[in-house]
file my_file-v7.cif (mmCIF, C-alpha atoms)
data_coords
#
loop_
_atom_site.label_atom_id
_atom_site.label_comp_id
_atom_site.auth_asym_id
_atom_site.auth_seq_id
_atom_site.Cartn_x
_atom_site.Cartn_y
_atom_site.Cartn_z
CA MET M 1 -26.69 9.85 -5.32
CA SER M 2 -29.28 7.90 -3.40
CA GLN M 3 -31.77 5.44 -4.82
CA VAL M 4 -35.29 4.78 -3.59
CA MET M 5 -36.41 1.37 -2.38
CA LYS M 6 -39.95 0.20 -1.82
CA VAL M 7 -39.94 -1.31 1.67
CA GLU M 8 -43.00 -3.30 2.67
CA ILE M 9 -43.64 -3.68 6.38
CA GLN M 10 -46.16 -5.85 8.13
CA ARG M 11 -48.11 -3.65 10.53
CA TYR M 12 -50.26 -4.68 13.49
CA ARG M 13 -51.92 -2.21 15.83
CA PRO M 14 -53.64 -4.23 18.56
CA GLU M 15 -56.15 -1.48 19.42
CA LEU M 16 -57.27 -1.14 15.77
CA ASP M 17 -56.50 -4.30 13.79
CA LYS M 18 -57.91 -7.80 13.85
CA GLU M 19 -54.88 -9.10 11.99
CA PRO M 20 -51.61 -7.78 10.51
CA PHE M 21 -51.58 -5.98 7.14
CA TRP M 22 -48.88 -4.83 4.74
CA GLN M 23 -47.90 -1.21 4.29
CA SER M 24 -45.45 0.12 1.71
CA TYR M 25 -42.91 2.93 2.16
CA ASP M 26 -40.51 4.54 -0.33
CA VAL M 27 -37.14 4.88 1.37
CA PRO M 28 -34.21 6.76 -0.20
CA TYR M 29 -31.02 4.85 0.55
CA THR M 30 -27.28 4.77 0.03
CA LYS M 31 -25.21 1.61 0.06
CA GLU M 32 -24.31 2.02 3.74
CA MET M 33 -27.93 2.06 4.96
CA SER M 34 -29.01 -0.76 7.28
CA VAL M 35 -32.58 -2.01 7.66
CA LEU M 36 -32.60 -0.48 11.13
CA GLU M 37 -31.68 2.93 9.67
CA ALA M 38 -34.41 2.51 7.05
CA LEU M 39 -36.93 1.89 9.85
CA ALA M 40 -35.65 4.99 11.67
CA TYR M 41 -36.09 7.01 8.45
CA ILE M 42 -39.67 5.75 8.11
CA LYS M 43 -40.48 6.55 11.75
CA ASP M 44 -38.85 10.02 11.62
CA GLU M 45 -39.93 11.14 8.15
CA LEU M 46 -42.89 9.10 6.92
CA ASP M 47 -44.90 7.41 9.66
CA PRO M 48 -44.30 8.02 13.39
CA THR M 49 -46.76 5.26 14.33
CA LEU M 50 -44.35 2.47 13.28
CA SER M 51 -43.05 0.43 16.24
CA TYR M 52 -39.84 -1.61 16.35
CA ARG M 53 -37.19 -2.53 18.91
CA TRP M 54 -33.57 -1.49 18.75
CA SER M 55 -30.74 -0.42 20.98
CA CYS M 56 -27.06 -0.85 20.17
CA ARG M 57 -26.99 -0.69 16.33
CA MET M 58 -23.94 -2.98 16.34
CA ALA M 59 -25.19 -6.57 16.61
CA ILE M 60 -24.53 -7.05 20.30
CA CYS M 61 -27.81 -6.20 22.10
CA GLY M 62 -29.99 -8.64 20.13
CA SER M 63 -33.03 -6.33 20.10
CA CYS M 64 -33.70 -5.81 16.39
CA GLY M 65 -34.50 -9.33 15.22
CA MET M 66 -37.04 -9.38 12.37
CA MET M 67 -37.95 -11.33 9.24
CA VAL M 68 -36.48 -9.85 6.05
CA ASN M 69 -37.94 -11.54 2.99
CA GLY M 70 -38.87 -14.49 5.20
CA VAL M 71 -35.40 -14.92 6.72
CA PRO M 72 -34.62 -14.11 10.39
CA LYS M 73 -32.14 -11.20 10.46
CA LEU M 74 -30.83 -8.49 12.76
CA GLY M 75 -31.99 -5.15 11.33
CA CYS M 76 -28.65 -3.53 12.18
CA LYS M 77 -26.62 -6.20 10.38
CA THR M 78 -28.73 -6.29 7.20
CA PHE M 79 -28.24 -3.78 4.40
CA LEU M 80 -30.65 -2.44 1.79
CA ARG M 81 -27.97 -2.74 -0.92
CA ASP M 82 -28.26 -6.55 -0.68
CA TYR M 83 -31.95 -6.45 -1.60
CA PRO M 84 -32.13 -4.76 -5.03
CA GLN M 85 -35.51 -6.45 -5.64
CA GLY M 86 -37.01 -4.73 -2.58
CA MET M 87 -37.73 -6.08 0.87
CA LYS M 88 -40.63 -7.29 2.94
CA ILE M 89 -40.12 -6.92 6.67
CA GLU M 90 -42.24 -8.58 9.33
CA ALA M 91 -42.03 -9.37 13.01
CA LEU M 92 -39.79 -12.24 14.09
CA ALA M 93 -41.56 -15.51 13.22
CA ASN M 94 -42.83 -17.98 15.84
CA PHE M 95 -43.41 -15.26 18.46
CA PRO M 96 -46.72 -13.50 19.17
CA ILE M 97 -46.79 -9.98 17.67
CA GLU M 98 -47.33 -7.21 20.23
CA ARG M 99 -47.29 -4.33 17.74
CA ASP M 100 -45.81 -3.98 14.24
CA LEU M 101 -42.28 -5.43 14.48
CA VAL M 102 -42.34 -5.85 18.26
CA VAL M 103 -42.85 -9.42 19.48
CA ASP M 104 -43.54 -10.96 22.89
CA MET M 105 -40.38 -12.86 23.86
CA SER M 106 -41.41 -13.74 27.42
CA ASP M 107 -41.63 -17.49 26.65
CA PHE M 108 -38.08 -17.39 25.22
CA ILE M 109 -36.74 -15.51 28.26
CA ALA M 110 -38.50 -17.92 30.65
CA LYS M 111 -36.82 -20.86 28.87
CA LEU M 112 -33.39 -19.23 29.08
CA GLU M 113 -33.89 -18.69 32.83
CA ALA M 114 -35.28 -22.17 33.45
CA ILE M 115 -32.09 -24.03 32.52
CA LYS M 116 -30.10 -22.28 35.31
CA PRO M 117 -27.72 -20.32 33.09
CA TYR M 118 -25.08 -19.61 35.70
CA ILE M 119 -22.17 -21.43 37.27
CA ILE M 120 -23.37 -23.64 40.10
CA ARG M 121 -20.82 -24.74 42.73
CA GLU M 122 -21.34 -27.37 45.38
CA THR M 123 -19.38 -25.19 47.79
CA GLU M 124 -19.08 -21.46 47.21
CA GLN M 125 -15.59 -20.27 46.28
CA THR M 126 -14.08 -17.14 47.76
CA PRO M 127 -11.50 -14.86 46.11
CA GLU M 128 -8.93 -16.33 48.52
CA ASP M 129 -9.37 -19.70 46.81
CA GLY M 130 -7.67 -18.21 43.75
CA CYS M 131 -8.41 -18.53 40.04
CA SER M 132 -10.26 -21.38 38.37
CA ILE M 133 -7.74 -22.40 35.74
CA GLN M 134 -8.91 -23.77 32.41
CA THR M 135 -6.86 -25.14 29.53
CA PRO M 136 -7.59 -23.82 26.00
CA LYS M 137 -9.20 -27.18 25.23
CA GLU M 138 -11.50 -26.93 28.26
CA MET M 139 -12.50 -23.40 27.31
CA GLU M 140 -13.13 -24.42 23.71
CA GLN M 141 -15.84 -26.84 24.89
CA TYR M 142 -18.19 -23.95 25.69
CA ARG M 143 -16.68 -20.70 24.34
CA GLN M 144 -18.70 -20.34 21.13
CA PHE M 145 -21.96 -21.13 22.96
CA SER M 146 -21.31 -18.26 25.36
CA MET M 147 -21.37 -15.80 22.42
CA CYS M 148 -25.19 -15.90 22.19
CA ILE M 149 -26.84 -12.46 22.38
CA ASN M 150 -30.40 -13.78 22.99
CA CYS M 151 -31.79 -12.19 19.83
CA GLY M 152 -34.23 -15.05 19.19
CA LEU M 153 -33.37 -15.46 15.49
CA CYS M 154 -32.82 -19.20 16.02
CA TYR M 155 -36.35 -19.56 17.47
CA ALA M 156 -37.77 -17.82 14.40
CA ALA M 157 -35.80 -20.28 12.23
CA CYS M 158 -36.90 -23.39 14.13
CA PRO M 159 -40.02 -25.15 12.78
CA GLN M 160 -40.13 -27.41 15.83
CA TYR M 161 -40.54 -24.40 18.11
CA GLY M 162 -43.05 -22.89 15.69
CA LEU M 163 -45.14 -26.06 15.70
CA ASN M 164 -44.87 -26.66 19.44
CA ASP M 165 -43.68 -23.91 21.77
CA LYS M 166 -43.19 -26.41 24.60
CA PHE M 167 -39.90 -27.27 22.87
CA MET M 168 -36.99 -25.68 24.77
CA GLY M 169 -35.54 -24.38 21.52
CA PRO M 170 -32.04 -23.71 20.16
CA ALA M 171 -30.71 -20.86 22.33
CA ALA M 172 -31.84 -22.32 25.68
CA LEU M 173 -30.39 -25.75 24.84
CA ALA M 174 -27.14 -24.15 23.61
CA LEU M 175 -26.93 -22.20 26.87
CA LEU M 176 -27.57 -25.38 28.84
CA HIS M 177 -24.75 -27.06 26.92
CA ARG M 178 -22.53 -24.03 27.58
CA TYR M 179 -22.86 -24.36 31.38
CA ASN M 180 -22.84 -28.17 31.48
CA ASN M 181 -19.50 -28.15 29.65
CA ASP M 182 -17.78 -25.51 31.73
CA THR M 183 -15.21 -27.17 34.02
CA ARG M 184 -15.98 -24.57 36.74
CA ASP M 185 -19.61 -25.71 36.87
CA GLU M 186 -20.93 -28.45 39.15
CA GLY M 187 -24.65 -28.11 38.38
CA LYS M 188 -24.99 -30.58 35.50
CA GLU M 189 -27.31 -32.85 37.48
CA GLU M 190 -29.80 -30.01 38.03
CA ARG M 191 -29.97 -29.34 34.29
CA MET M 192 -30.20 -32.89 32.95
CA ALA M 193 -33.99 -33.12 33.42
CA PHE M 194 -34.42 -30.24 30.92
CA LEU M 195 -32.05 -31.87 28.44
CA ASN M 196 -33.53 -35.38 28.77
CA ALA M 197 -37.15 -34.27 28.40
CA HIS M 198 -39.08 -34.86 25.19
CA GLU M 199 -39.20 -31.07 24.88
CA GLY M 200 -35.44 -30.91 25.49
CA ALA M 201 -32.71 -32.06 23.09
CA TRP M 202 -34.93 -34.87 21.75
CA GLY M 203 -37.50 -32.41 20.44
CA CYS M 204 -34.92 -31.33 17.85
CA THR M 205 -35.03 -33.01 14.43
CA PHE M 206 -31.77 -31.43 13.27
CA VAL M 207 -33.19 -29.04 10.71
CA GLY M 208 -30.02 -27.02 11.24
CA TYR M 209 -31.48 -23.64 10.22
CA CYS M 210 -30.87 -22.19 13.71
CA SER M 211 -27.11 -22.34 13.18
CA ASP M 212 -27.47 -20.94 9.67
CA VAL M 213 -29.27 -17.76 10.79
CA CYS M 214 -27.25 -17.06 13.97
CA PRO M 215 -25.72 -13.57 13.62
CA LYS M 216 -22.95 -14.43 16.11
CA LYS M 217 -21.89 -17.72 14.48
CA VAL M 218 -23.00 -19.75 17.49
CA ASP M 219 -23.92 -23.27 16.45
CA PRO M 220 -27.00 -24.23 18.51
CA ALA M 221 -27.66 -27.27 16.31
CA ALA M 222 -24.23 -28.63 17.31
CA ALA M 223 -24.92 -27.95 21.00
CA ILE M 224 -28.21 -29.84 20.78
CA GLN M 225 -26.73 -32.87 19.00
CA LEU M 226 -23.92 -33.01 21.57
CA GLY M 227 -26.65 -32.62 24.19
CA LYS M 228 -28.33 -35.73 22.78
CA VAL M 229 -25.05 -37.62 23.27
CA ASP M 230 -24.89 -36.36 26.90
CA SER M 231 -28.54 -37.29 27.44
CA ALA M 232 -28.05 -40.80 26.03
CA LYS M 233 -25.00 -41.33 28.28
CA ASP M 234 -27.01 -40.09 31.26
CA TYR M 235 -29.78 -42.59 30.42
CA VAL M 236 -27.39 -45.56 30.21
CA ILE M 237 -25.63 -44.57 33.45
CA ALA M 238 -29.01 -44.25 35.22
CA MET M 239 -29.91 -47.75 33.96
CA LEU M 240 -26.67 -49.21 35.32
CA LYS M 241 -27.01 -47.46 38.67
CA PRO M 242 -30.68 -47.84 39.66
CA GLY M 243 -31.82 -46.16 42.85
CA GLU M 244 -29.34 -43.29 42.64
CA MET A 1 -56.84 -0.58 30.55
CA SER A 2 -54.30 -2.64 28.67
CA LYS A 3 -54.50 -2.56 24.90
CA ARG A 4 -52.39 -5.70 24.67
CA LYS A 5 -53.73 -8.22 22.19
CA PRO A 6 -50.79 -10.35 21.02
CA TYR A 7 -51.36 -11.76 17.56
CA VAL A 8 -50.27 -15.39 17.07
CA ARG A 9 -49.43 -16.34 13.48
CA LYS A 10 -50.46 -19.85 12.49
CA MET A 11 -47.81 -21.87 10.66
CA GLY A 12 -50.23 -23.81 8.46
CA SER A 13 -49.46 -27.04 6.61
CA THR A 14 -47.47 -25.27 3.85
CA TRP A 15 -44.88 -23.67 6.17
CA TRP A 16 -42.08 -25.70 4.58
CA THR A 17 -42.72 -24.24 1.11
CA LYS A 18 -42.07 -20.66 2.23
CA ASN A 19 -38.37 -20.94 2.95
CA ASN A 20 -35.77 -22.71 0.83
CA PHE A 21 -33.91 -24.12 3.81
CA HIS A 22 -37.12 -25.63 5.21
CA THR A 23 -38.05 -27.04 1.81
CA MET A 24 -34.71 -28.83 1.53
CA TYR A 25 -35.17 -30.13 5.08
CA ILE A 26 -38.48 -31.70 4.11
CA VAL A 27 -36.93 -33.12 0.90
CA ARG A 28 -34.26 -34.71 3.12
CA GLU A 29 -36.83 -36.13 5.53
CA LEU A 30 -39.15 -37.41 2.75
CA SER A 31 -36.37 -39.71 1.55
CA SER A 32 -37.45 -41.91 4.48
CA LEU A 33 -40.60 -42.82 2.51
CA VAL A 34 -38.75 -44.27 -0.50
CA ILE A 35 -36.27 -45.95 1.83
CA LEU A 36 -39.20 -47.52 3.70
CA ALA A 37 -40.71 -48.78 0.41
CA TYR A 38 -37.27 -50.08 -0.65
CA SER A 39 -36.88 -51.94 2.66
CA VAL A 40 -40.30 -53.56 2.28
CA ILE A 41 -39.38 -54.75 -1.25
CA LEU A 42 -36.13 -56.14 0.16
CA LEU A 43 -38.06 -57.94 2.93
CA PHE A 44 -40.27 -59.54 0.29
CA GLY A 45 -37.05 -60.66 -1.42
CA LEU A 46 -35.79 -62.26 1.79
CA ASN A 47 -39.11 -63.99 2.22
CA ALA A 48 -38.94 -65.20 -1.42
CA LEU A 49 -35.45 -66.55 -0.74
CA ARG A 50 -36.95 -68.66 2.05
CA GLY A 51 -39.59 -69.95 -0.42
CA GLY A 52 -37.00 -71.53 -2.71
CA GLU A 53 -35.27 -70.74 -6.00
CA ALA A 54 -38.45 -70.35 -8.10
CA ALA A 55 -39.98 -67.87 -5.66
CA PHE A 56 -36.75 -65.85 -5.54
CA ASP A 57 -36.44 -65.81 -9.35
CA ALA A 58 -40.05 -64.59 -9.64
CA TRP A 59 -39.32 -61.77 -7.15
CA PHE A 60 -36.09 -60.94 -8.96
CA ALA A 61 -37.88 -60.91 -12.35
CA GLY A 62 -40.32 -58.38 -10.89
CA LEU A 63 -37.37 -56.03 -10.25
CA THR A 64 -36.55 -55.90 -13.97
CA ASN A 65 -39.87 -54.15 -14.62
CA PRO A 66 -39.09 -50.61 -15.95
CA LEU A 67 -41.17 -49.08 -13.12
CA ALA A 68 -39.13 -51.02 -10.56
CA ILE A 69 -35.91 -49.78 -12.18
CA VAL A 70 -37.13 -46.17 -12.14
CA PHE A 71 -38.12 -46.58 -8.47
CA HIS A 72 -34.67 -47.95 -7.60
CA VAL A 73 -32.86 -45.12 -9.42
CA ILE A 74 -35.00 -42.54 -7.57
CA THR A 75 -34.35 -44.30 -4.26
CA LEU A 76 -30.61 -44.39 -4.92
CA LEU A 77 -30.40 -40.69 -5.82
CA TRP A 78 -32.65 -39.60 -2.94
CA THR A 79 -30.73 -41.72 -0.44
CA LEU A 80 -27.41 -40.33 -1.71
CA TYR A 81 -28.82 -36.82 -1.26
CA HIS A 82 -29.88 -37.71 2.28
CA ALA A 83 -26.39 -39.11 2.93
CA THR A 84 -24.65 -35.95 1.72
CA THR A 85 -26.83 -33.76 3.97
CA TRP A 86 -26.01 -35.93 6.98
CA PHE A 87 -22.32 -36.06 6.13
CA SER A 88 -22.23 -32.27 6.07
CA LEU A 89 -24.08 -32.09 9.42
CA ALA A 90 -22.04 -34.87 11.07
CA PRO A 91 -19.23 -32.62 12.40
CA LYS A 92 -21.82 -30.79 14.52
CA ALA A 93 -22.64 -34.01 16.36
CA ALA A 94 -18.98 -35.00 16.80
CA ASN A 95 -16.70 -33.27 19.27
CA LEU A 96 -13.52 -35.20 18.51
CA TRP A 97 -10.12 -34.15 19.76
CA ILE A 98 -6.62 -35.44 19.07
CA GLY A 99 -4.47 -34.16 21.92
CA GLU A 100 -5.12 -30.43 22.22
CA LYS A 101 -6.52 -30.02 18.70
CA ARG A 102 -10.13 -30.51 17.63
CA VAL A 103 -10.52 -32.75 14.60
CA ALA A 104 -11.43 -30.44 11.69
CA ASP A 105 -14.91 -30.63 10.19
CA ASN A 106 -13.64 -31.56 6.73
CA VAL A 107 -11.67 -34.49 8.17
CA ILE A 108 -14.88 -35.93 9.69
CA THR A 109 -16.94 -35.33 6.53
CA GLY A 110 -14.09 -36.62 4.32
CA SER A 111 -13.80 -39.82 6.39
CA LEU A 112 -17.52 -40.48 5.98
CA TYR A 113 -17.22 -40.11 2.18
CA ALA A 114 -14.17 -42.41 2.25
CA VAL A 115 -16.14 -45.05 4.21
CA LEU A 116 -19.10 -44.72 1.81
CA GLY A 117 -16.76 -45.06 -1.19
CA GLY A 118 -14.97 -48.05 0.35
CA VAL A 119 -18.20 -49.89 1.20
CA THR A 120 -19.58 -49.15 -2.28
CA VAL A 121 -16.47 -50.58 -3.98
CA ILE A 122 -16.60 -53.72 -1.78
CA GLY A 123 -20.33 -54.11 -2.55
CA LEU A 124 -19.77 -53.76 -6.29
CA LEU A 125 -16.87 -56.25 -6.15
CA ILE A 126 -19.05 -58.80 -4.35
CA ALA A 127 -21.93 -58.27 -6.79
CA PHE A 128 -20.05 -58.25 -10.09
CA VAL A 129 -16.58 -59.79 -9.69
CA LEU A 130 -16.73 -62.53 -7.06
#
call {"tool": "encode", "arguments": {"input": "my_file-v7.cif", "output": "structure tokens"}}
result
Amino acid sequence: MSQVMKVEIQRYRPELDKEPFWQSYDVPYTKEMSVLEALAYIKDELDPTLSYRWSCRMAICGSCGMMVNGVPKLGCKTFLRDYPQGMKIEALANFPIERDLVVDMSDFIAKLEAIKPYIIRETEQTPEDGCSIQTPKEMEQYRQFSMCINCGLCYAACPQYGLNDKFMGPAALALLHRYNNDTRDEGKEERMAFLNAHEGAWGCTFVGYCSDVCPKKVDPAAAIQLGKVDSAKDYVIAMLKPGE
Amino acid sequence: MSKRKPYVRKMGSTWWTKNNFHTMYIVRELSSLVILAYSVILLFGLNALRGGEAAFDAWFAGLTNPLAIVFHVITLLWTLYHATTWFSLAPKAANLWIGEKRVADNVITGSLYAVLGGVTVIGLLIAFVL
């Protein structure tokens, strides 16, 4: 026996609206229904004009980030049964709204690309050189930070990014930390300028909400604080070795 | 022709009231104001100490004012709250390893509480016993 939930969604149609407005839908649901399925029901049965992003339905593609009752969530990993009081859904905070629940993430993507998120070697290795062996301890230095799915929930949680989008933000700084702490990587020097900048690790005031909302249990706040330690060390070393 | 017209939402000065986590963050950060006021009062005390016994006693008498006592209780509670938030965040900023094992978060947080407890006991001993 299904129940009916009133789901409020913030709509924005750029060709028609000056600003977003709220629209209410009655959605029948069972306890297995995710927010993403509720949106699909609305689009299929009630209002085909609703726009939202989705792909995998299993919390790995990072497409369906949205605000549910003011909290950044993945639509596929959030269930109607947990919101007996009803839900208000809006586009992911801190990003410009393109249409309805679709946001413009190009600034976020540009930041991820800027920090050189790939292994940099001074001399290229060939398969003949064999494996790059890592101990469990070496792998543990970066493993959790490599679990990021680029969903942008941490940017929606971060007031520093919301107040000033020049700030590199949680995911990009966590990714920077991930590559700087990989023993196979030799590109740390190329990334330090991003970390040391005012908009880098030092733009973070350790609110900690980014780590709280991460659907993959990555801890960007930890990466950034450890990044501050790296940045401080880098500063002292530069002071002791002027001219280098 | 493109119909793109991205809508940018303004955060506004009340952004921190809309989310519980953000509200508690601001409560944590606002403790700096009472700690600043407390430090200024303490600086006046140091200055009074330089001015001789009478000046110090006058400053000290001022602290017995009920308003001063209320202020100090608020400062103590707020500072303790700030301390607990930082103790719980501390493991994020510490990547400590013993051999091949990472030091567990609760060991780091527990040590900070132990240090706080130890320093408090020493402070109370100095103030009331010695």
call {"tool": "interface_residues", "arguments": {"input": "my_file-v7.cif", "of": "chain A", "to": "chain M", "cutoff": "9 Å", "atoms": "only C-alpha atoms", "output": "list in words"}}
result
Lys3, Arg4, Lys5, Pro6, Tyr7, Val8, Arg9, Lys10, Met11, Trp15, Trp16, Lys18, Asn19, Phe21, His22, Tyr25, Ile26, Leu89, Pro91, Lys92, Ala93, Ala94, Asn95, Trp97, Glu100, Lys101 and Arg102 of chain A
call {"tool": "write_last_selection", "arguments": {"input": "my_file-v7.cif", "atoms": "C-alpha atoms", "output": "PDB file, keeping the file's coordinate frame"}}
result
ATOM      1  CA  LYS A   3     -54.500  -2.560  24.900  1.00  0.00           C
ATOM      2  CA  ARG A   4     -52.390  -5.700  24.670  1.00  0.00           C
ATOM      3  CA  LYS A   5     -53.730  -8.220  22.190  1.00  0.00           C
ATOM      4  CA  PRO A   6     -50.790 -10.350  21.020  1.00  0.00           C
ATOM      5  CA  TYR A   7     -51.360 -11.760  17.560  1.00  0.00           C
ATOM      6  CA  VAL A   8     -50.270 -15.390  17.070  1.00  0.00           C
ATOM      7  CA  ARG A   9     -49.430 -16.340  13.480  1.00  0.00           C
ATOM      8  CA  LYS A  10     -50.460 -19.850  12.490  1.00  0.00           C
ATOM      9  CA  MET A  11     -47.810 -21.870  10.660  1.00  0.00           C
ATOM     10  CA  TRP A  15     -44.880 -23.670   6.170  1.00  0.00           C
ATOM     11  CA  TRP A  16     -42.080 -25.700   4.580  1.00  0.00           C
ATOM     12  CA  LYS A  18     -42.070 -20.660   2.230  1.00  0.00           C
ATOM     13  CA  ASN A  19     -38.370 -20.940   2.950  1.00  0.00           C
ATOM     14  CA  PHE A  21     -33.910 -24.120   3.810  1.00  0.00           C
ATOM     15  CA  HIS A  22     -37.120 -25.630   5.210  1.00  0.00           C
ATOM     16  CA  TYR A  25     -35.170 -30.130   5.080  1.00  0.00           C
ATOM     17  CA  ILE A  26     -38.480 -31.700   4.110  1.00  0.00           C
ATOM     18  CA  LEU A  89     -24.080 -32.090   9.420  1.00  0.00           C
ATOM     19  CA  PRO A  91     -19.230 -32.620  12.400  1.00  0.00           C
ATOM     20  CA  LYS A  92     -21.820 -30.790  14.520  1.00  0.00           C
ATOM     21  CA  ALA A  93     -22.640 -34.010  16.360  1.00  0.00           C
ATOM     22  CA  ALA A  94     -18.980 -35.000  16.800  1.00  0.00           C
ATOM     23  CA  ASN A  95     -16.700 -33.270  19.270  1.00  0.00           C
ATOM     24  CA  TRP A  97     -10.120 -34.150  19.760  1.00  0.00           C
ATOM     25  CA  GLU A 100      -5.120 -30.430  22.220  1.00  0.00           C
ATOM     26  CA  LYS A 101      -6.520 -30.020  18.700  1.00  0.00           C
ATOM     27  CA  ARG A 102     -10.130 -30.510  17.630  1.00  0.00           C
TER      28      ARG A 102
END
call {"tool": "residues_around", "arguments": {"input": "my_file-v7.cif", "residues": "Asn196 (chain M)", "least_positions_apart": "6", "cutoff": "9 Å", "atoms": "all atoms listed in the file", "output": "list in words"}}
result
Trp202, Gly227, Lys228, Asp230, Ser231, Ala232, Asp234 and Tyr235 of chain M
call {"tool": "atom_distance", "arguments": {"input": "my_file-v7.cif", "atom1": "CA of Ala238 (chain M)", "atom2": "CA of Glu199 (chain M)"}}
result
19.6 Å
call {"tool": "resolve_selection", "arguments": {"input": "my_file-v7.cif", "expression": "the PyMOL selection byres ((chain M and resi 6) around 9)", "output": "list in words"}}
result
Val4, Met5, Val7, Glu8, Ser24, Tyr25, Asp26, Val27, Pro28, Gln85, Gly86, Met87 and Lys88 of chain M
call {"tool": "residues_around", "arguments": {"input": "my_file-v7.cif", "residues": "Lys31 (chain M)", "least_positions_apart": "4", "cutoff": "9 Å", "atoms": "only C-alpha atoms", "output": "ChimeraX atom specification"}}
result
/M:2,79-82
call {"tool": "closest_residue", "arguments": {"input": "my_file-v7.cif", "among": "A:Val121, A:Leu77, A:Val40, A:Ala90", "to": "Val107 (chain A)", "atoms": "only C-alpha atoms"}}
result
A:Ala90
call {"tool": "atom_distance", "arguments": {"input": "my_file-v7.cif", "atom1": "CA of Leu36 (chain A)", "atom2": "CA of Ala197 (chain M)"}}
result
28.1 Å
call {"tool": "atom_distance", "arguments": {"input": "my_file-v7.cif", "atom1": "CA of Val213 (chain M)", "atom2": "CA of Leu153 (chain M)"}}
result
6.6 Å
call {"tool": "resolve_selection", "arguments": {"input": "my_file-v7.cif", "expression": "the PyMOL selection byres ((chain M and resi 118) around 9)", "output": "ChimeraX atom specification"}}
result
/M:115-117,119-120,179,185,187
call {"tool": "residues_around", "arguments": {"input": "my_file-v7.cif", "residues": "Thr78 (chain M)", "least_positions_apart": "5", "cutoff": "12 Å", "atoms": "all atoms listed in the file", "output": "short mmCIF file (atom, residue, chain, number, x, y, z; two decimals) with C-alpha atoms, keeping the file's coordinate frame"}}
result
data_model
loop_
_atom_site.label_atom_id
_atom_site.label_comp_id
_atom_site.auth_asym_id
_atom_site.auth_seq_id
_atom_site.Cartn_x
_atom_site.Cartn_y
_atom_site.Cartn_z
CA LYS M 31 -25.21 1.61 0.06
CA GLU M 32 -24.31 2.02 3.74
CA MET M 33 -27.93 2.06 4.96
CA SER M 34 -29.01 -0.76 7.28
CA VAL M 35 -32.58 -2.01 7.66
CA LEU M 36 -32.60 -0.48 11.13
CA GLU M 37 -31.68 2.93 9.67
CA ALA M 38 -34.41 2.51 7.05
CA LEU M 39 -36.93 1.89 9.85
CA ARG M 57 -26.99 -0.69 16.33
CA MET M 58 -23.94 -2.98 16.34
CA ALA M 59 -25.19 -6.57 16.61
CA CYS M 64 -33.70 -5.81 16.39
CA GLY M 65 -34.50 -9.33 15.22
CA MET M 66 -37.04 -9.38 12.37
CA MET M 67 -37.95 -11.33 9.24
CA VAL M 68 -36.48 -9.85 6.05
CA ASN M 69 -37.94 -11.54 2.99
CA VAL M 71 -35.40 -14.92 6.72
CA PRO M 72 -34.62 -14.11 10.39
CA LYS M 73 -32.14 -11.20 10.46
CA TYR M 83 -31.95 -6.45 -1.60
CA MET M 87 -37.73 -6.08 0.87
CA ILE M 89 -40.12 -6.92 6.67
CA PRO M 215 -25.72 -13.57 13.62
#
call {"tool": "resolve_selection", "arguments": {"input": "my_file-v7.cif", "expression": "the PyMOL selection byres ((chain M and resi 169) around 9)", "output": "list in words"}}
result
Phe108, Lys111, Cys154, Tyr155, Cys158, Gln160, Tyr161, Asp165, Lys166, Phe167, Met168, Pro170, Ala171, Ala172, Leu173, Ala174, Glu199, Gly200, Ala201, Gly203 and Cys204 of chain M
call {"tool": "residues_around", "arguments": {"input": "my_file-v7.cif", "residues": "Leu46 (chain A)", "least_positions_apart": "5", "cutoff": "12 Å", "atoms": "all atoms listed in the file", "output": "list in words"}}
result
Ser39, Val40, Ile41, Gly51, Gly52, Glu53, Ala55, Phe56, Asp57, Trp59 and Phe60 of chain A
call {"tool": "closest_residue", "arguments": {"input": "my_file-v7.cif", "among": "A:Ile108, A:Leu63, A:Leu43, A:Ile35", "to": "Phe87 (chain A)", "atoms": "all atoms listed in the file"}}
result
A:Ile108
